[in-house]
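Q: Here it is, the structure, as structure tokens.
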Amino acid sequence: MTGFTFDNNRFAAETIRLPMMSLREVVMFPRSIAPLFVGREASIKAIEQAVAAHDKKIFLVAQRSPETEKPTSEDLFEMGTVSKILQMLRLPDGTIKVLFEGLYRAEWEPETMTMGEDANYPMVTVRRVPEEETHGPESDALIRATQESLEHYGRINKKLAPETILAINSINSPGRLADAVMPHLKVDYIKKQGVLEELEPMRRLEETYAFLQGEIEISSIEKRIKNRVKQQMEKNQKEYYLNEQIKAINKEMGREDDPAAEAVEFEKRLDEKNMPEEAREKTLREIKKLRQIPPSSAEYTVVRNYVEWILDLPWQVYQDTDLDILAAEEILNTDHYGLDKPKERILEFLAVQKLVDRIKGPILCLVGPPGVGKTSLAKSIARAMGREFVRLSLGGVRDEAEIRGHRRTYVGALPGKIIQSLKRVKFNNPVFCLDEVDKMSTDFRGDPSSALLEVLDPEQNYAYNDHYLDLDYDLSKIFFITTANSLHSIPLPLQDRMEIIRIPGYLETEKEQIGSRFLLPKNIEQHGLSSDNIALTGDALITIIRRYTREAGVRNLEREIASVCRKVARKLVEGKEPEGGFEITGANLETYLGVPKHRHGEMEPAPKVGLCTGMAYTEVGGELLMVEAAIMPGTGKVEITGKLGDVMQESARAALSYLRSRSGLYGLKSDFHKEIDMHIHVPEGAIPKDGPSAGITLATTVISALLNIPVRNDIAMTGEITLRGRVLPIGGLREKLLAAHRGLIRTVLIPSENEKDLKEVPEAILKDMQIIKVESMDEVLSNALVCEEQARLFCGRNENAAPLSESLLKEEYRLEHRH
């Protein structure tokens with residue numbers, strides 16, 4: 001800091017004409033040096049004029065408003081500072097850097113302002129303002145206080161050099177001290193202008209001291225803030241540096257994700273998830289555990305996967321459904337022909353659900369042969385209800401963990417198929433189809449059918465506990481549908497939890513409707529054809545059903561129709577399409593499908609000894625079962641072949657025991673069995689056969705062979721036999737009658753107790769067939785054997801026996817001899 005001593009008396013009335021430069025937000029004080037960057041053209045011209053003069057003086061005055069580009073006299077303060085240009089440096093951008101030294105205060109008169117020689121800068125007349133200096137104890141105290149505060153301010157503000165503080169503290173005049181201190185304070189230029197215009201030295205120093213104290217306070221607060229920010233910045237920088245190191249380590253180890261970021265993301269997802277409080281608390285504990293486990297640990301992956309599974313599940317996310325009974329009924333009728341009972345049950349459930357907001361999901365079990373539409377019916381139910389559809393095939397499942405999941409202690413543990421499917425579907429109220437529930441098996445890994453007991457129990461599945469989650473999960477809003485081909489392999493406790501709905505095989509008329517309404521249009525579209533290219537007549541469809549398929553469902557029917565479409569498609573591509581398209585009839589069907597695969601009807605052409613027609617119910621529907629018996633001289637050996645199951649073999653032994661117990665009635669020796677060998681055979685030996693319903697068929701066959709009496713070829717029978725000859729009820733009557741009808745059998749013997757099951761048999765079948773209800777073997781034989789004499793023997797005990805046809809009483813079938 002450089003100070004100058006002026007003779008105030010000498011310059012009391014001194015006026016001088018100088019170039020003037022206006023300052024923006026800067027106030028120049030006497031006895032101070034300040035560098036300024038100048039860019040305005042008028043200011044540059046004024047500086048150049050001052051430099052050209054011998055004394056290099058210029059008048060600096062502050063603008064009232066810094067935004068004014070070309071200030072007038074009204075835009076400038078009345079007092080400024082006469083300064084001297086110490087140094088000037090031109091910069092490449094056209095601006096100049098000038099070092100000014102303030103000399104003394106001066107006032108200027110606006111009316112004296114004129115433009116310079118080149119009219120680019122103002123010239124004004126300025127008059128020096130005289131200054132007075134006071135001395136005394138009060139001024140000394142104020143000077144000392146100001147100097148001490150300046151030293152304190154210097155310790156806070158490191159930009160103030162110690163040399164500058166030392167030079168300022170050497171000043172002992174109040175006015176000069178104020179002028180020396182003010183340029184170093186960060187106060188508003190308006191306040192600085194006020195200090196510049198204050199001519200009384202003590203008041204000027206008092207104002208300066210007040211501003212200095214304020215700056216000290218502000219600087220102290222600013223320092224504290226900076227220290228806090230610095231500490232926070234250092235902490236943030238440290239965390240950032242460490243996080244970057246962790247990222248680099250993870251990248252080097254092949255892990256791109258940041259573990260800390262994963263935990264934060266999990267917490268965010270947990271806050272947004274609507275789930276039970278127990279599950280929320282456990283998930284939060286697992287996330288906290290995740291933060292403490294190093295990512296390199298195997299436990300980290302286990303915990304991470306567990307948290308992901310919990311957060312991915314639709315705990316309380318339910319799909320909104322707009323239940324419309326009429327629309328649902330239309331969907332079911334459009335997708336499936338027939339199946340009235342399952343459709344009625346579904347519509348009942350929808351009606352109740354429309355009236356009651358909350359209802360436990362029912363568990364339906366659709367039981368029927370393959371190809372009758374069990375799984376597709378479940379899909380249609382989902383579409384009718386407006387819900388998502390989930391299908392889980394249980395065929396071949398042997399491990400209980402497939403249903404209930406693995407515990408987390410095992411490597412590669414996962415939840416069960418139920419929970420996995422819910423994660424995939426993202427709703428907690430889908431239609432859930434458990435397909436082939438009868439195909440599950442049991443081994444050392446557990447019994448999966450037992451694991452389904454909790455899933456399919458409406459009173460328990462609201463708190464289903466998967467081994468992997470180890471949390472209660474609500475399955476009560478799910479509509480469970482199970483499918484099976486037969487019930488005998490489903491455990492009784494599991495059957496007890498389900499509502500059994502039997503889906504029988506289709507009649508020929510039903511198959512014809514399904515083929516013409518659904519299968520044919522579907523295959524025409526799939527094979528790129530149109531109704532103009534192909535026409536399948538009704539007799540052709542009936543021929544396909546009768547002679548190319550033998551099934552309860554319609555899968556093979558669809559395959560044969562697809563085969564016809566393929567043949568037509570090839571001829572169409574080859575350009576061999578006849579005018580009017582291809583018409584497939586019963587007469588030309590062999591050219592498309594080849595030789596018929598099946599003979600329509602299996603009735604024997606004539607009655608035979610030791611040959612009887614029975615009826616069986618298999619997984620593919622009803623079938624006719626031919627039973628043969630041959631008698632040979634021997635020692636009493638009995639051989640049973642045809643891959644019969646244990647139950648069927650026991651039925652054969654029961655029939656033999658019944659026959660031996662009544663040998664006298666039939667005119668046989670009491671020890672006749674010791675003189676003969678007997679062979680009982682059921683053809684199609686590659687197909688397993690089992691069940692008690694062939695009991696009366698086996699007994700009739702054996703009696704026919706022993707008595708050498710033929711069995712009527714137009715009659716079929718079913719029923720279980722006891723050792724006393726009673727006929728017990730059987731199952732699957734509807735399917736068995738359908739099979740008999742397909743085989744052109746028109747007379748059927750059934751147990752009397754199965755009369756109630758005739759209500760489920762279509763009326764069209766009952767009109768074409770004579771149903772004879774029997775209670776004992778006497779009634780069976782009186783209707784089945786072709787022998788007038790023997791018929792009278794048994795008819796005496798059966799008043800309801802059917803009369804024998806005269807055509808069957810041929811001479812060659814009369815009894816010629818007995819053993």
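To be explicit about the labels: the chains of the structure tokens are called A, B, and onward in the order shown, and within each one the residues are counted from 1, while ligands get numbers from 1 in the order they are shown.
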List as a VMD selection string the protein and nucleic acid residues near Lys97 of chain A, meaning an atom at most 10 Å away when only C-alpha atoms are counted, but skip any in the same chain fewer than 3 places from it.
A: chain A and resid 35 to 39 87 to 91 100
Q: Would you export the selected residues with all heavy atoms as a compact mmCIF listing (two decimals), in the first residue's frame, please?
A:
```
# COMPACT_ATOMS: atom_id res chain seq x y z
N PRO A 35 -6.01 -2.98 -9.88
CA PRO A 35 -5.97 -3.34 -11.31
C PRO A 35 -7.41 -3.54 -11.83
O PRO A 35 -8.23 -4.16 -11.17
CB PRO A 35 -5.20 -4.65 -11.32
CG PRO A 35 -5.47 -5.25 -9.98
CD PRO A 35 -5.70 -4.12 -9.01
N LEU A 36 -7.70 -3.03 -13.01
CA LEU A 36 -9.03 -3.16 -13.60
C LEU A 36 -8.91 -3.59 -15.05
O LEU A 36 -7.97 -3.18 -15.75
CB LEU A 36 -9.80 -1.83 -13.53
CG LEU A 36 -10.09 -1.28 -12.13
CD1 LEU A 36 -10.75 0.09 -12.25
CD2 LEU A 36 -10.97 -2.23 -11.34
N PHE A 37 -9.84 -4.42 -15.47
CA PHE A 37 -9.92 -4.80 -16.89
C PHE A 37 -10.97 -3.92 -17.55
O PHE A 37 -12.10 -3.82 -17.08
CB PHE A 37 -10.33 -6.29 -17.02
CG PHE A 37 -9.25 -7.24 -16.59
CD1 PHE A 37 -9.16 -7.68 -15.28
CD2 PHE A 37 -8.29 -7.66 -17.51
CE1 PHE A 37 -8.15 -8.55 -14.89
CE2 PHE A 37 -7.29 -8.54 -17.12
CZ PHE A 37 -7.22 -8.98 -15.81
N VAL A 38 -10.60 -3.29 -18.66
CA VAL A 38 -11.44 -2.31 -19.33
C VAL A 38 -11.77 -2.83 -20.71
O VAL A 38 -10.86 -3.23 -21.47
CB VAL A 38 -10.75 -0.94 -19.41
CG1 VAL A 38 -11.66 0.08 -20.07
CG2 VAL A 38 -10.34 -0.48 -18.01
N GLY A 39 -13.08 -2.81 -21.06
CA GLY A 39 -13.48 -3.31 -22.36
C GLY A 39 -14.34 -2.35 -23.15
O GLY A 39 -14.44 -2.47 -24.37
N GLN A 87 0.15 1.61 -15.07
CA GLN A 87 0.58 0.63 -16.07
C GLN A 87 -0.63 0.25 -16.92
O GLN A 87 -1.75 0.18 -16.45
CB GLN A 87 1.15 -0.63 -15.37
CG GLN A 87 1.78 -1.63 -16.30
CD GLN A 87 2.37 -2.82 -15.54
OE1 GLN A 87 2.20 -2.92 -14.35
NE2 GLN A 87 3.06 -3.69 -16.25
N MET A 88 -0.37 0.00 -18.20
CA MET A 88 -1.44 -0.40 -19.11
C MET A 88 -0.93 -1.55 -19.99
O MET A 88 0.19 -1.48 -20.51
CB MET A 88 -1.87 0.78 -19.99
CG MET A 88 -3.05 0.44 -20.90
SD MET A 88 -3.55 1.83 -21.94
CE MET A 88 -2.17 1.87 -23.09
N LEU A 89 -1.76 -2.58 -20.14
CA LEU A 89 -1.37 -3.74 -20.93
C LEU A 89 -2.55 -4.13 -21.84
O LEU A 89 -3.66 -4.33 -21.38
CB LEU A 89 -1.04 -4.94 -20.02
CG LEU A 89 -0.69 -6.25 -20.73
CD1 LEU A 89 0.60 -6.11 -21.53
CD2 LEU A 89 -0.56 -7.39 -19.71
N ARG A 90 -2.27 -4.18 -23.14
CA ARG A 90 -3.31 -4.56 -24.10
C ARG A 90 -3.36 -6.09 -24.21
O ARG A 90 -2.33 -6.74 -24.33
CB ARG A 90 -3.04 -3.94 -25.47
CG ARG A 90 -3.14 -2.43 -25.45
CD ARG A 90 -2.99 -1.85 -26.85
NE ARG A 90 -3.05 -0.40 -26.82
CZ ARG A 90 -4.19 0.32 -26.84
NH1 ARG A 90 -5.36 -0.31 -26.92
NH2 ARG A 90 -4.15 1.64 -26.80
N LEU A 91 -4.56 -6.60 -24.21
CA LEU A 91 -4.78 -8.05 -24.27
C LEU A 91 -5.24 -8.45 -25.67
O LEU A 91 -5.76 -7.62 -26.43
CB LEU A 91 -5.83 -8.49 -23.24
CG LEU A 91 -5.47 -8.16 -21.78
CD1 LEU A 91 -6.60 -8.57 -20.86
CD2 LEU A 91 -4.17 -8.85 -21.38
N PHE A 100 -4.42 1.24 -11.68
CA PHE A 100 -4.74 2.62 -11.25
C PHE A 100 -4.24 2.84 -9.82
O PHE A 100 -4.25 1.93 -9.00
CB PHE A 100 -6.25 2.86 -11.28
CG PHE A 100 -6.84 2.84 -12.66
CD1 PHE A 100 -7.52 1.72 -13.12
CD2 PHE A 100 -6.71 3.95 -13.50
CE1 PHE A 100 -8.07 1.70 -14.37
CE2 PHE A 100 -7.28 3.92 -14.77
CZ PHE A 100 -7.95 2.79 -15.21
```
Q: As a ChimeraX atom specification, list the residues of segment 573-792 of chain A assigned to alpha helix (DSSP H) by DSSP on the backbone atoms of this structure.
A: /A:573,590-593,646-661,695-707,733-742,763-768,777-784,788-792
Q: Considering only C-alpha atoms, return as a list in words whatever protein or nucleic-acid residues lie within 8 Å of segment 581-588 of chain A, sequence-local ones (same chain, fewer than 2 positions apart) excluded.
A: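 So, after excluding close chain neighbours, the residues are Asp532, Asn533, Ile534, Ala535, Leu536, Thr537, Gly538, Asp539, Ala540, Leu541, Thr543, Val568, Glu577, Pro578, Glu579, Glu590, Thr591 and Tyr592 of chain A.
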Q: Quick check for you: according to DSSP on this backbone, which residues of segment 71-309 of chain A are classed as strand (DSSP E)? Reply as number ranges by chain.
A: A: 79-90, 96-108, 114-115, 122-128
Q: Quick one: write out the picked residues with N, CA and C atoms as an mmCIF file, in the first residue's frame?
A:
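This is the output file selection.cif:
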```cif
data_model
loop_
_atom_site.group_PDB
_atom_site.id
_atom_site.type_symbol
_atom_site.label_atom_id
_atom_site.label_comp_id
_atom_site.auth_asym_id
_atom_site.auth_seq_id
_atom_site.Cartn_x
_atom_site.Cartn_y
_atom_site.Cartn_z
ATOM 1 N N MET A 79 -19.439 12.062 -6.632
ATOM 2 C CA MET A 79 -18.075 12.059 -6.109
ATOM 3 C C MET A 79 -17.335 10.844 -6.615
ATOM 4 N N GLY A 80 -16.090 11.090 -7.017
ATOM 5 C CA GLY A 80 -15.246 10.026 -7.473
ATOM 6 C C GLY A 80 -13.827 10.225 -6.999
ATOM 7 N N THR A 81 -12.892 9.629 -7.709
ATOM 8 C CA THR A 81 -11.492 9.702 -7.292
ATOM 9 C C THR A 81 -10.632 10.025 -8.512
ATOM 10 N N VAL A 82 -9.800 11.045 -8.332
ATOM 11 C CA VAL A 82 -8.800 11.336 -9.361
ATOM 12 C C VAL A 82 -7.670 10.322 -9.192
ATOM 13 N N SER A 83 -7.398 9.599 -10.267
ATOM 14 C CA SER A 83 -6.420 8.514 -10.189
ATOM 15 C C SER A 83 -5.354 8.698 -11.249
ATOM 16 N N LYS A 84 -4.289 7.922 -11.081
ATOM 17 C CA LYS A 84 -3.173 7.972 -12.011
ATOM 18 C C LYS A 84 -2.973 6.575 -12.598
ATOM 19 N N ILE A 85 -2.688 6.579 -13.888
ATOM 20 C CA ILE A 85 -2.464 5.299 -14.563
ATOM 21 C C ILE A 85 -1.004 4.913 -14.378
ATOM 22 N N LEU A 86 -0.802 3.802 -13.672
ATOM 23 C CA LEU A 86 0.565 3.356 -13.428
ATOM 24 C C LEU A 86 1.052 2.429 -14.528
ATOM 25 N N GLN A 87 0.147 1.611 -15.070
ATOM 26 C CA GLN A 87 0.578 0.626 -16.067
ATOM 27 C C GLN A 87 -0.625 0.248 -16.924
ATOM 28 N N MET A 88 -0.367 -0.003 -18.198
ATOM 29 C CA MET A 88 -1.436 -0.403 -19.110
ATOM 30 C C MET A 88 -0.927 -1.546 -19.985
ATOM 31 N N LEU A 89 -1.763 -2.584 -20.140
ATOM 32 C CA LEU A 89 -1.375 -3.743 -20.932
ATOM 33 C C LEU A 89 -2.547 -4.127 -21.835
ATOM 34 N N ARG A 90 -2.269 -4.177 -23.139
ATOM 35 C CA ARG A 90 -3.311 -4.558 -24.097
ATOM 36 C C ARG A 90 -3.357 -6.094 -24.208
ATOM 37 N N ILE A 96 -8.078 -4.114 -22.266
ATOM 38 C CA ILE A 96 -6.798 -3.695 -21.686
ATOM 39 C C ILE A 96 -6.853 -3.868 -20.179
ATOM 40 N N LYS A 97 -5.720 -4.160 -19.613
ATOM 41 C CA LYS A 97 -5.582 -4.272 -18.158
ATOM 42 C C LYS A 97 -4.808 -3.048 -17.680
ATOM 43 N N VAL A 98 -5.419 -2.327 -16.761
ATOM 44 C CA VAL A 98 -4.836 -1.051 -16.315
ATOM 45 C C VAL A 98 -4.661 -1.103 -14.809
ATOM 46 N N LEU A 99 -3.541 -0.609 -14.335
ATOM 47 C CA LEU A 99 -3.250 -0.503 -12.904
ATOM 48 C C LEU A 99 -3.416 0.962 -12.506
ATOM 49 N N PHE A 100 -4.422 1.241 -11.679
ATOM 50 C CA PHE A 100 -4.737 2.616 -11.251
ATOM 51 C C PHE A 100 -4.240 2.843 -9.825
ATOM 52 N N GLU A 101 -3.880 4.108 -9.580
ATOM 53 C CA GLU A 101 -3.531 4.547 -8.221
ATOM 54 C C GLU A 101 -4.426 5.728 -7.873
ATOM 55 N N GLY A 102 -5.219 5.577 -6.771
ATOM 56 C CA GLY A 102 -6.101 6.657 -6.351
ATOM 57 C C GLY A 102 -5.296 7.798 -5.711
ATOM 58 N N LEU A 103 -5.609 9.060 -6.121
ATOM 59 C CA LEU A 103 -4.861 10.226 -5.611
ATOM 60 C C LEU A 103 -5.672 10.981 -4.558
ATOM 61 N N TYR A 104 -6.862 11.467 -4.925
ATOM 62 C CA TYR A 104 -7.668 12.233 -3.971
ATOM 63 C C TYR A 104 -9.108 12.235 -4.421
ATOM 64 N N ARG A 105 -10.004 12.580 -3.437
ATOM 65 C CA ARG A 105 -11.415 12.698 -3.739
ATOM 66 C C ARG A 105 -11.657 13.937 -4.598
ATOM 67 N N ALA A 106 -12.686 13.831 -5.404
ATOM 68 C CA ALA A 106 -13.017 14.981 -6.241
ATOM 69 C C ALA A 106 -14.492 14.902 -6.621
ATOM 70 N N GLU A 107 -15.078 16.091 -6.789
ATOM 71 C CA GLU A 107 -16.432 16.212 -7.270
ATOM 72 C C GLU A 107 -16.413 16.723 -8.696
ATOM 73 N N TRP A 108 -17.445 16.402 -9.427
ATOM 74 C CA TRP A 108 -17.511 16.893 -10.793
ATOM 75 C C TRP A 108 -18.876 17.511 -11.042
ATOM 76 N N THR A 114 -18.256 17.136 -21.434
ATOM 77 C CA THR A 114 -18.245 17.240 -22.892
ATOM 78 C C THR A 114 -17.526 16.019 -23.430
ATOM 79 N N MET A 115 -17.701 15.780 -24.734
ATOM 80 C CA MET A 115 -17.026 14.665 -25.356
ATOM 81 C C MET A 115 -15.646 15.098 -25.813
ATOM 82 N N PRO A 122 -15.871 10.951 -22.479
ATOM 83 C CA PRO A 122 -16.283 12.221 -21.854
ATOM 84 C C PRO A 122 -15.103 12.930 -21.183
ATOM 85 N N MET A 123 -15.171 14.239 -21.176
ATOM 86 C CA MET A 123 -14.226 15.107 -20.454
ATOM 87 C C MET A 123 -15.042 15.911 -19.449
ATOM 88 N N VAL A 124 -14.578 15.963 -18.174
ATOM 89 C CA VAL A 124 -15.297 16.689 -17.125
ATOM 90 C C VAL A 124 -14.330 17.566 -16.359
ATOM 91 N N THR A 125 -14.924 18.566 -15.695
ATOM 92 C CA THR A 125 -14.154 19.439 -14.811
ATOM 93 C C THR A 125 -14.381 18.946 -13.387
ATOM 94 N N VAL A 126 -13.323 18.613 -12.675
ATOM 95 C CA VAL A 126 -13.414 18.085 -11.317
ATOM 96 C C VAL A 126 -12.789 19.059 -10.355
ATOM 97 N N ARG A 127 -13.312 19.028 -9.129
ATOM 98 C CA ARG A 127 -12.790 19.909 -8.080
ATOM 99 C C ARG A 127 -12.407 19.057 -6.890
ATOM 100 N N ARG A 128 -11.215 19.220 -6.429
ATOM 101 C CA ARG A 128 -10.706 18.424 -5.321
ATOM 102 C C ARG A 128 -11.482 18.741 -4.062
#
```
Q: At a cut-off of 6 Å, using only C-alpha atoms, what residues contact segment 702-711 of chain A? Leave out same-chain residues fewer than 4 positions from it and give the result as a PyMOL selection string.
A: chain A and resi 607-610+629+784-786
Q: What lies within 7 Å of segment 163-178 of chain A using only C-alpha atoms, ignoring chain neighbours under 6 positions off, as a ChimeraX atom specification?
A: /A:1,133,139,143,147,151,201-202,204-205,208
Q: Would you mind exporting the chosen residues as an mmCIF file, in the first residue's frame, restricted to all heavy atoms?
A:
```
data_model
loop_
_atom_site.group_PDB
_atom_site.id
_atom_site.type_symbol
_atom_site.label_atom_id
_atom_site.label_comp_id
_atom_site.auth_asym_id
_atom_site.auth_seq_id
_atom_site.Cartn_x
_atom_site.Cartn_y
_atom_site.Cartn_z
ATOM 1 N N MET A 1 0.856 -1.188 0.000
ATOM 2 C CA MET A 1 0.000 0.000 0.000
ATOM 3 C C MET A 1 0.888 1.232 0.000
ATOM 4 O O MET A 1 1.761 1.370 0.844
ATOM 5 C CB MET A 1 -0.916 -0.007 1.227
ATOM 6 C CG MET A 1 -1.923 1.104 1.258
ATOM 7 S SD MET A 1 -3.143 0.833 -0.038
ATOM 8 C CE MET A 1 -4.311 2.107 0.372
ATOM 9 N N GLU A 133 -8.030 16.070 9.038
ATOM 10 C CA GLU A 133 -7.538 14.986 9.883
ATOM 11 C C GLU A 133 -7.662 15.414 11.329
ATOM 12 O O GLU A 133 -7.320 16.545 11.699
ATOM 13 C CB GLU A 133 -6.086 14.646 9.551
ATOM 14 C CG GLU A 133 -5.903 14.046 8.171
ATOM 15 C CD GLU A 133 -6.565 12.683 8.037
ATOM 16 O OE1 GLU A 133 -6.838 12.029 9.069
ATOM 17 O OE2 GLU A 133 -6.853 12.273 6.886
ATOM 18 N N SER A 139 -9.831 9.060 18.670
ATOM 19 C CA SER A 139 -9.400 8.606 17.355
ATOM 20 C C SER A 139 -8.331 7.524 17.478
ATOM 21 O O SER A 139 -8.303 6.557 16.704
ATOM 22 C CB SER A 139 -8.898 9.782 16.525
ATOM 23 O OG SER A 139 -7.734 10.349 17.124
ATOM 24 N N ILE A 143 -8.594 3.891 15.999
ATOM 25 C CA ILE A 143 -7.568 3.390 15.073
ATOM 26 C C ILE A 143 -7.020 2.057 15.559
ATOM 27 O O ILE A 143 -6.861 1.092 14.787
ATOM 28 C CB ILE A 143 -6.438 4.434 14.942
ATOM 29 C CG1 ILE A 143 -6.934 5.665 14.179
ATOM 30 C CG2 ILE A 143 -5.224 3.832 14.243
ATOM 31 C CD1 ILE A 143 -5.957 6.817 14.178
ATOM 32 N N GLN A 147 -7.248 -1.523 13.690
ATOM 33 C CA GLN A 147 -6.045 -2.282 13.327
ATOM 34 C C GLN A 147 -6.089 -3.712 13.883
ATOM 35 O O GLN A 147 -5.696 -4.670 13.201
ATOM 36 C CB GLN A 147 -4.800 -1.528 13.831
ATOM 37 C CG GLN A 147 -4.549 -0.229 13.081
ATOM 38 C CD GLN A 147 -3.416 0.587 13.679
ATOM 39 O OE1 GLN A 147 -2.999 0.335 14.821
ATOM 40 N NE2 GLN A 147 -2.926 1.564 12.923
ATOM 41 N N GLU A 151 -6.160 -7.223 11.770
ATOM 42 C CA GLU A 151 -5.284 -8.383 11.950
ATOM 43 C C GLU A 151 -6.106 -9.676 12.103
ATOM 44 O O GLU A 151 -5.759 -10.717 11.540
ATOM 45 C CB GLU A 151 -4.406 -8.165 13.174
ATOM 46 C CG GLU A 151 -3.356 -7.077 12.975
ATOM 47 C CD GLU A 151 -2.510 -6.867 14.218
ATOM 48 O OE1 GLU A 151 -2.812 -7.532 15.245
ATOM 49 O OE2 GLU A 151 -1.561 -6.069 14.167
ATOM 50 N N PRO A 201 -13.460 12.368 9.068
ATOM 51 C CA PRO A 201 -12.596 11.189 9.201
ATOM 52 C C PRO A 201 -13.088 10.188 10.255
ATOM 53 O O PRO A 201 -13.049 8.986 10.031
ATOM 54 C CB PRO A 201 -11.239 11.783 9.572
ATOM 55 C CG PRO A 201 -11.281 13.181 9.069
ATOM 56 C CD PRO A 201 -12.694 13.630 9.207
ATOM 57 N N MET A 202 -13.537 10.661 11.431
ATOM 58 C CA MET A 202 -13.937 9.738 12.493
ATOM 59 C C MET A 202 -15.170 8.928 12.087
ATOM 60 O O MET A 202 -15.236 7.712 12.298
ATOM 61 C CB MET A 202 -14.221 10.517 13.776
ATOM 62 C CG MET A 202 -12.936 10.991 14.475
ATOM 63 S SD MET A 202 -11.921 9.626 15.071
ATOM 64 C CE MET A 202 -12.977 8.964 16.336
ATOM 65 N N ARG A 204 -16.077 8.310 9.101
ATOM 66 C CA ARG A 204 -15.667 7.411 8.023
ATOM 67 C C ARG A 204 -15.014 6.156 8.580
ATOM 68 O O ARG A 204 -15.301 5.022 8.141
ATOM 69 C CB ARG A 204 -14.697 8.131 7.093
ATOM 70 C CG ARG A 204 -14.385 7.360 5.815
ATOM 71 C CD ARG A 204 -13.230 7.974 5.059
ATOM 72 N NE ARG A 204 -13.390 9.400 4.889
ATOM 73 C CZ ARG A 204 -12.419 10.232 4.547
ATOM 74 N NH1 ARG A 204 -11.206 9.749 4.348
ATOM 75 N NH2 ARG A 204 -12.633 11.516 4.425
ATOM 76 N N LEU A 205 -14.154 6.318 9.607
ATOM 77 C CA LEU A 205 -13.474 5.169 10.191
ATOM 78 C C LEU A 205 -14.458 4.314 10.986
ATOM 79 O O LEU A 205 -14.361 3.076 11.010
ATOM 80 C CB LEU A 205 -12.323 5.631 11.088
ATOM 81 C CG LEU A 205 -11.434 4.520 11.643
ATOM 82 C CD1 LEU A 205 -10.831 3.674 10.519
ATOM 83 C CD2 LEU A 205 -10.315 5.111 12.508
ATOM 84 N N THR A 208 -16.226 2.248 8.567
ATOM 85 C CA THR A 208 -15.311 1.209 8.088
ATOM 86 C C THR A 208 -15.150 0.110 9.133
ATOM 87 O O THR A 208 -15.137 -1.096 8.815
ATOM 88 C CB THR A 208 -13.949 1.828 7.754
ATOM 89 O OG1 THR A 208 -14.120 2.844 6.771
ATOM 90 C CG2 THR A 208 -12.988 0.776 7.224
#
```
